[in-house]
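Participant: Got a structure for you, questions after.
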Amino acid sequence: MIFRTRFAPSPTGPLHLGHAYSALLAHDHARRTPGGQFLLRIDDIDQSRARREWEQQIYQDLAWLGITWDAPPRRESDHLAEYQAALQCLADRGLIYPCSCSRRDIREAASAPQEQAPRQGPDGLVYPGTCRGRAMSDMRESDAIRLDMRKAIDSLPALPSFREIGDLHKGTHALTTNTLCHGIGDAVLARPQMGASYHLSVVVDDAAQRITHAIRGADLFAATALHRLLAALLDLASPVYLHHDLIRDAAGKRLAKRDDARAIRLYRSEGATPEDIRRMVGLPPA
């Protein structure tokens, strides 16, 4: 089996040191593995925020870092039909439902008197299930689409597991009903005016690109159980995972795209070299 990994940035702002670290780490793994391949994916499914000028900047920054990719970039906005097909597959089995709840609705429901404190999941507060039970025939244009987690679990003969090779969470992780229902809940799989949420698109994309190893930030580890579950529900291959440390600022806060002071393009303009960037993020020379 060919080792194949990827980098999947969103063209919504400049790449920063954290992006450089993730892309270089994945690229290094591919290039140091005989026959390994590195692929690029453009996460532009949110067309309200994606910009072609940022996409071009991504290509320029990665090329400057010495990163090459072994196939044309996969742009998510070109594959909306694939995400719709995945949603239809889940709909045919009665595993999804429309949801009209706003973030405020969820906060208010979570803060209502109850025996247990509100739970936090990969996307914030775990959804309380207000719209659960609605039929897809009741879908309105402004609705999101959620996975009915309990029905999804019950539809499988057994819950799968995933393999993690990163030092932070190394080992085989078996999915459990408690983790899925109480730690994740009924996750959003599509939002209004968007073909799919990140959770659905990343599963479909990794399978389409035949990714064997998903190398990504530690902040996504909490969502991995959901991604593995979706792959099982859709009968798609699931990669081995490596979740790496995040690059943080002096105050310990993770970098964001608004951190222009750490943008790769700024370091380039100030005369830094690709080896300088590798040193800044703690990677050995190429």
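Identifiers in this document derive from the order of the structure tokens: chains are assigned A, B, ..., residues are numbered from 1 separately in each chain, and ligands are numbered from 1 in order of occurrence.
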Excluding same-chain residues fewer than 2 positions from range 155-158 of chain A, what lies within 9 Å of it counting only C-alpha atoms, as a PyMOL selection string?
Facilitator: chain A and resi 93+95+150-153+160+232-233
Participant: Tell me which protein, DNA and RNA residues are within 12 Å of Leu220 in chain A, counting only C-alpha atoms, leaving out same-chain ones fewer than 5 positions away, and put them as a list of chain:residue names.
Facilitator: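 Near Leu220 in chain A, the qualifying residues are A:Gly121, A:Pro122, A:Asp123, A:His169, A:Tyr198, A:His199, A:Val202, A:Ala214, A:Ile215, A:Ala225, A:Leu226, A:His227, A:Tyr241, A:Leu242, A:His243, A:His244, A:Asp245, A:Leu246.
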Participant: Keeping only N, CA, C and O atoms, take the residues you just selected and write them out as a JSON list (two decimals), in the first residue's frame.
Facilitator:
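Result written to part_16.json:
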[["chain", "number", "residue", "atom", "x", "y", "z"],
["A", 121, "GLY", "N", -18.36, 19.40, 23.13],
["A", 121, "GLY", "CA", -17.92, 18.46, 22.11],
["A", 121, "GLY", "C", -16.98, 19.13, 21.13],
["A", 121, "GLY", "O", -16.53, 20.27, 21.37],
["A", 122, "PRO", "N", -16.66, 18.50, 20.02],
["A", 122, "PRO", "CA", -15.74, 19.07, 19.03],
["A", 122, "PRO", "C", -16.20, 20.41, 18.45],
["A", 122, "PRO", "O", -15.38, 21.23, 18.04],
["A", 123, "ASP", "N", -17.52, 20.62, 18.42],
["A", 123, "ASP", "CA", -18.07, 21.86, 17.85],
["A", 123, "ASP", "C", -18.65, 22.79, 18.91],
["A", 123, "ASP", "O", -19.44, 23.68, 18.59],
["A", 169, "HIS", "N", -1.40, 10.75, 21.46],
["A", 169, "HIS", "CA", -2.51, 9.82, 21.72],
["A", 169, "HIS", "C", -2.23, 8.45, 21.11],
["A", 169, "HIS", "O", -3.15, 7.76, 20.66],
["A", 198, "TYR", "N", -17.48, 20.37, 7.71],
["A", 198, "TYR", "CA", -16.12, 19.84, 7.68],
["A", 198, "TYR", "C", -16.12, 18.34, 7.99],
["A", 198, "TYR", "O", -15.41, 17.56, 7.35],
["A", 199, "HIS", "N", -16.91, 17.92, 8.97],
["A", 199, "HIS", "CA", -16.88, 16.53, 9.41],
["A", 199, "HIS", "C", -17.24, 15.57, 8.28],
["A", 199, "HIS", "O", -16.63, 14.51, 8.15],
["A", 202, "VAL", "N", -14.45, 16.00, 5.12],
["A", 202, "VAL", "CA", -13.11, 15.45, 5.33],
["A", 202, "VAL", "C", -13.11, 13.93, 5.19],
["A", 202, "VAL", "O", -12.15, 13.34, 4.67],
["A", 214, "ALA", "N", -3.62, 10.53, 7.86],
["A", 214, "ALA", "CA", -4.10, 11.91, 8.03],
["A", 214, "ALA", "C", -3.27, 12.56, 9.12],
["A", 214, "ALA", "O", -3.36, 12.19, 10.29],
["A", 215, "ILE", "N", -2.45, 13.52, 8.73],
["A", 215, "ILE", "CA", -1.58, 14.24, 9.67],
["A", 215, "ILE", "C", -2.18, 15.62, 9.87],
["A", 215, "ILE", "O", -2.29, 16.40, 8.93],
["A", 225, "ALA", "N", -13.27, 10.42, 16.44],
["A", 225, "ALA", "CA", -14.25, 9.35, 16.63],
["A", 225, "ALA", "C", -15.45, 9.55, 15.69],
["A", 225, "ALA", "O", -15.97, 8.59, 15.11],
["A", 226, "LEU", "N", -15.88, 10.79, 15.53],
["A", 226, "LEU", "CA", -16.99, 11.09, 14.63],
["A", 226, "LEU", "C", -16.60, 10.77, 13.19],
["A", 226, "LEU", "O", -17.37, 10.17, 12.43],
["A", 227, "HIS", "N", -15.38, 11.15, 12.79],
["A", 227, "HIS", "CA", -14.93, 10.90, 11.42],
["A", 227, "HIS", "C", -14.84, 9.40, 11.14],
["A", 227, "HIS", "O", -15.21, 8.93, 10.06],
["A", 241, "TYR", "N", -4.18, 7.94, 11.80],
["A", 241, "TYR", "CA", -4.10, 9.34, 12.18],
["A", 241, "TYR", "C", -2.80, 9.66, 12.92],
["A", 241, "TYR", "O", -2.25, 8.83, 13.65],
["A", 242, "LEU", "N", -2.33, 10.88, 12.70],
["A", 242, "LEU", "CA", -1.23, 11.44, 13.48],
["A", 242, "LEU", "C", -1.62, 12.87, 13.83],
["A", 242, "LEU", "O", -1.68, 13.74, 12.96],
["A", 243, "HIS", "N", -1.94, 13.10, 15.09],
["A", 243, "HIS", "CA", -2.31, 14.45, 15.56],
["A", 243, "HIS", "C", -1.10, 15.08, 16.24],
["A", 243, "HIS", "O", -0.57, 14.53, 17.21],
["A", 244, "HIS", "N", -0.67, 16.20, 15.71],
["A", 244, "HIS", "CA", 0.56, 16.83, 16.20],
["A", 244, "HIS", "C", 0.26, 18.03, 17.10],
["A", 244, "HIS", "O", -0.85, 18.58, 17.09],
["A", 245, "ASP", "N", 1.27, 18.43, 17.86],
["A", 245, "ASP", "CA", 1.15, 19.63, 18.69],
["A", 245, "ASP", "C", 0.84, 20.85, 17.84],
["A", 245, "ASP", "O", 1.19, 20.92, 16.65],
["A", 246, "LEU", "N", 0.19, 21.83, 18.46],
["A", 246, "LEU", "CA", -0.11, 23.08, 17.77],
["A", 246, "LEU", "C", 1.00, 24.09, 18.03],
["A", 246, "LEU", "O", 1.62, 24.09, 19.10]]
Participant: Excluding Arg4 in chain A and its own-chain neighbours fewer than 5 positions away, which residues fall within 6 Å of it when counting only C-alpha atoms? Please give them as JSON, numbers by chain.
Facilitator: {"A": [36, 37, 38, 211, 212]}
Participant: Which of these residues is nearest to Ala20 in chain A, using only C-alpha atoms: A:Arg163, A:Arg140, A:Arg210, A:Arg216?
Facilitator: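 Ranked by minimum distance to Ala20 in chain A, first place goes to A:Arg216.
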Participant: Tell me, in Å to one decimal, how far CA of Ser111 in chain A is from CA of Gly185 in chain A.
Facilitator: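 So the answer is 16.6 Å.
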Participant: What's the separation between CA of Asp154 in chain A and CA of Ala208 in chain A, in Å to one decimal place?
Facilitator: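 About the pair CA of Asp154 in chain A and CA of Ala208 in chain A: they are 26.2 Å apart.
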Participant: Between A:Gln57, A:Ala174, A:Tyr97, A:Asp205, which residue has the minimum interatomic distance to Asp78 in chain A, considering only C-alpha atoms?
Facilitator: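 Once distances to Asp78 in chain A are computed over only C-alpha atoms, the minimum belongs to A:Asp205.
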Participant: For Asp235 in chain A, which of A:Phe162, A:Val203, A:Asp186, A:Leu40 is the closest residue, counting only C-alpha atoms?
Facilitator: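 Checking each of A:Phe162, A:Val203, A:Asp186, A:Leu40 against Asp235 in chain A, counting only C-alpha atoms, the winner is A:Val203.
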Participant: So which bits of range 171-286 of chain A end up strand (DSSP E) when you DSSP the backbone, as an MDAnalysis selection string?
Facilitator: chainID A and resid 171:174 188:190 213:217 240:244
Participant: With all heavy atoms kept, could you save the residues just selected as a tab-separated table (two decimals), in the first residue's frame?
Facilitator:
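What follows is the written file part23.tsv:
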chain	number	residue	atom	x	y	z
A	171	GLY	N	-1.82	4.79	19.86
A	171	GLY	CA	-2.51	3.55	20.19
A	171	GLY	C	-3.74	3.35	19.34
A	171	GLY	O	-4.05	4.14	18.45
A	172	THR	N	-4.46	2.28	19.64
A	172	THR	CA	-5.72	1.99	18.97
A	172	THR	C	-6.87	2.46	19.85
A	172	THR	O	-6.93	2.12	21.04
A	172	THR	CB	-5.86	0.49	18.69
A	172	THR	OG1	-4.81	0.08	17.81
A	172	THR	CG2	-7.20	0.17	18.04
A	173	HIS	N	-7.76	3.25	19.29
A	173	HIS	CA	-8.85	3.84	20.05
A	173	HIS	C	-10.18	3.24	19.59
A	173	HIS	O	-10.59	3.44	18.44
A	173	HIS	CB	-8.87	5.36	19.87
A	173	HIS	CG	-7.64	6.04	20.37
A	173	HIS	ND1	-7.57	6.64	21.61
A	173	HIS	CD2	-6.41	6.20	19.81
A	173	HIS	CE1	-6.37	7.15	21.80
A	173	HIS	NE2	-5.64	6.89	20.71
A	174	ALA	N	-10.83	2.51	20.45
A	174	ALA	CA	-12.14	1.93	20.14
A	174	ALA	C	-13.23	2.97	20.39
A	174	ALA	O	-13.23	3.64	21.43
A	174	ALA	CB	-12.38	0.69	20.99
A	188	VAL	N	-23.48	18.30	13.29
A	188	VAL	CA	-23.95	18.91	12.05
A	188	VAL	C	-23.16	18.34	10.88
A	188	VAL	O	-21.92	18.34	10.89
A	188	VAL	CB	-23.79	20.44	12.10
A	188	VAL	CG1	-24.06	21.05	10.71
A	188	VAL	CG2	-24.74	21.04	13.12
A	189	LEU	N	-23.86	17.85	9.86
A	189	LEU	CA	-23.21	17.31	8.66
A	189	LEU	C	-23.36	18.22	7.46
A	189	LEU	O	-22.64	18.06	6.47
A	189	LEU	CB	-23.79	15.93	8.32
A	189	LEU	CG	-23.63	14.85	9.40
A	189	LEU	CD1	-24.10	13.51	8.86
A	189	LEU	CD2	-22.19	14.76	9.89
A	190	ALA	N	-24.26	19.18	7.53
A	190	ALA	CA	-24.41	20.17	6.46
A	190	ALA	C	-25.08	21.40	7.04
A	190	ALA	O	-25.92	21.29	7.94
A	190	ALA	CB	-25.24	19.61	5.30
A	213	HIS	N	-2.71	8.14	5.62
A	213	HIS	CA	-2.30	8.74	6.90
A	213	HIS	C	-2.74	10.21	6.93
A	213	HIS	O	-2.30	11.01	6.10
A	213	HIS	CB	-0.79	8.66	7.07
A	213	HIS	CG	-0.29	7.26	7.27
A	213	HIS	ND1	-0.26	6.34	6.24
A	213	HIS	CD2	0.16	6.61	8.39
A	213	HIS	CE1	0.21	5.18	6.71
A	213	HIS	NE2	0.46	5.33	8.01
A	214	ALA	N	-3.62	10.53	7.86
A	214	ALA	CA	-4.10	11.91	8.03
A	214	ALA	C	-3.27	12.56	9.12
A	214	ALA	O	-3.36	12.19	10.29
A	214	ALA	CB	-5.58	11.93	8.39
A	215	ILE	N	-2.45	13.52	8.73
A	215	ILE	CA	-1.58	14.24	9.67
A	215	ILE	C	-2.18	15.62	9.87
A	215	ILE	O	-2.29	16.40	8.93
A	215	ILE	CB	-0.14	14.31	9.12
A	215	ILE	CG1	0.42	12.88	8.95
A	215	ILE	CG2	0.76	15.14	10.03
A	215	ILE	CD1	1.78	12.83	8.28
A	216	ARG	N	-2.57	15.93	11.10
A	216	ARG	CA	-3.29	17.17	11.36
A	216	ARG	C	-3.11	17.58	12.81
A	216	ARG	O	-2.55	16.86	13.62
A	216	ARG	CB	-4.78	17.00	11.02
A	216	ARG	CG	-5.49	15.90	11.80
A	216	ARG	CD	-6.86	15.63	11.22
A	216	ARG	NE	-7.69	14.81	12.10
A	216	ARG	CZ	-8.93	14.44	11.82
A	216	ARG	NH1	-9.50	14.83	10.69
A	216	ARG	NH2	-9.62	13.70	12.66
A	217	GLY	N	-3.62	18.77	13.17
A	217	GLY	CA	-3.42	19.33	14.49
A	217	GLY	C	-4.16	18.59	15.59
A	217	GLY	O	-5.20	17.97	15.37
A	240	VAL	N	-5.04	6.04	8.94
A	240	VAL	CA	-4.33	6.09	10.20
A	240	VAL	C	-4.15	7.56	10.52
A	240	VAL	O	-3.98	8.40	9.61
A	240	VAL	CB	-2.96	5.38	10.09
A	240	VAL	CG1	-2.11	5.61	11.34
A	240	VAL	CG2	-3.16	3.90	9.81
A	241	TYR	N	-4.18	7.94	11.80
A	241	TYR	CA	-4.10	9.34	12.18
A	241	TYR	C	-2.80	9.66	12.92
A	241	TYR	O	-2.25	8.83	13.65
A	241	TYR	CB	-5.28	9.73	13.07
A	241	TYR	CG	-6.59	9.77	12.32
A	241	TYR	CD1	-7.41	8.64	12.26
A	241	TYR	CD2	-7.01	10.92	11.66
A	241	TYR	CE1	-8.61	8.66	11.56
A	241	TYR	CE2	-8.19	10.95	10.96
A	241	TYR	CZ	-9.00	9.82	10.91
A	241	TYR	OH	-10.18	9.84	10.21
A	242	LEU	N	-2.33	10.88	12.70
A	242	LEU	CA	-1.23	11.44	13.48
A	242	LEU	C	-1.62	12.87	13.83
A	242	LEU	O	-1.68	13.74	12.96
A	242	LEU	CB	0.08	11.43	12.68
A	242	LEU	CG	1.37	11.78	13.44
A	242	LEU	CD1	2.60	11.31	12.65
A	242	LEU	CD2	1.50	13.28	13.74
A	243	HIS	N	-1.94	13.10	15.09
A	243	HIS	CA	-2.31	14.45	15.56
A	243	HIS	C	-1.10	15.08	16.24
A	243	HIS	O	-0.57	14.53	17.21
A	243	HIS	CB	-3.50	14.37	16.52
A	243	HIS	CG	-4.78	13.97	15.84
A	243	HIS	ND1	-5.16	12.64	15.69
A	243	HIS	CD2	-5.75	14.71	15.25
A	243	HIS	CE1	-6.32	12.60	15.05
A	243	HIS	NE2	-6.70	13.84	14.78
A	244	HIS	N	-0.67	16.20	15.71
A	244	HIS	CA	0.56	16.83	16.20
A	244	HIS	C	0.26	18.03	17.10
A	244	HIS	O	-0.85	18.58	17.09
A	244	HIS	CB	1.43	17.26	15.02
A	244	HIS	CG	0.75	18.22	14.08
A	244	HIS	ND1	0.50	19.55	14.40
A	244	HIS	CD2	0.28	18.05	12.81
A	244	HIS	CE1	-0.09	20.14	13.38
A	244	HIS	NE2	-0.26	19.26	12.41
Participant: Give me, please, the distance in Å between CA of Arg134 in chain A and CA of Cys99 in chain A, quoted to one decimal.
Facilitator: 7.9 Å
Participant: Choose the residue, out of A:Arg49, A:His27, A:Arg41, A:Arg32, that has the smallest atom-to-atom separation from Pro9 in chain A; count only C-alpha atoms.
Facilitator: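 Smallest separation from Pro9 in chain A among the options: A:Arg41.
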Participant: For Tyr127 in chain A, which residue among A:Ser201, A:Thr12, A:Ser142, A:Ser100 is the nearest when counting only C-alpha atoms?
Facilitator: A:Ser100
Participant: Can you list, as a count of residues only, all residues belonging to range 9-221 of chain A that DSSP tags as alpha helix (DSSP H)?
Facilitator: 74
Participant: Hey, what's within 12 Å of Arg119 in chain A if we count only C-alpha atoms and toss same-chain stuff fewer than 2 positions away? As a list in words, please?
Facilitator: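 Contacts, with the query itself left out: Ile106, Arg107, Ala109, Ala110, Ser111, Gln114, Glu115, Gln116, Ala117, Gly121, Pro122, Asp123, Gly124, Leu125, Val126, Tyr127, Pro128, Thr179, Cys181, His182, Gly183, Ile184 and Gly185 of chain A.
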Participant: Find the residue from A:Arg228, A:His16, A:His29, A:Arg279 that sits nearest to Arg248 in chain A; use only C-alpha atoms when measuring.
Facilitator: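 Ranked by minimum distance to Arg248 in chain A, first place goes to A:His16.
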Participant: Skipping near chain neighbours, those fewer than 3 positions away, what residues fall within 8 Å of Arg191 in chain A using only C-alpha atoms, listed as a list in words?
Facilitator: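 Neighbouring residues, sequence-local ones excluded: Asp143, Ala144, Ile145, Val188, Met194, Gly195, Ala196 and Ser197 of chain A.
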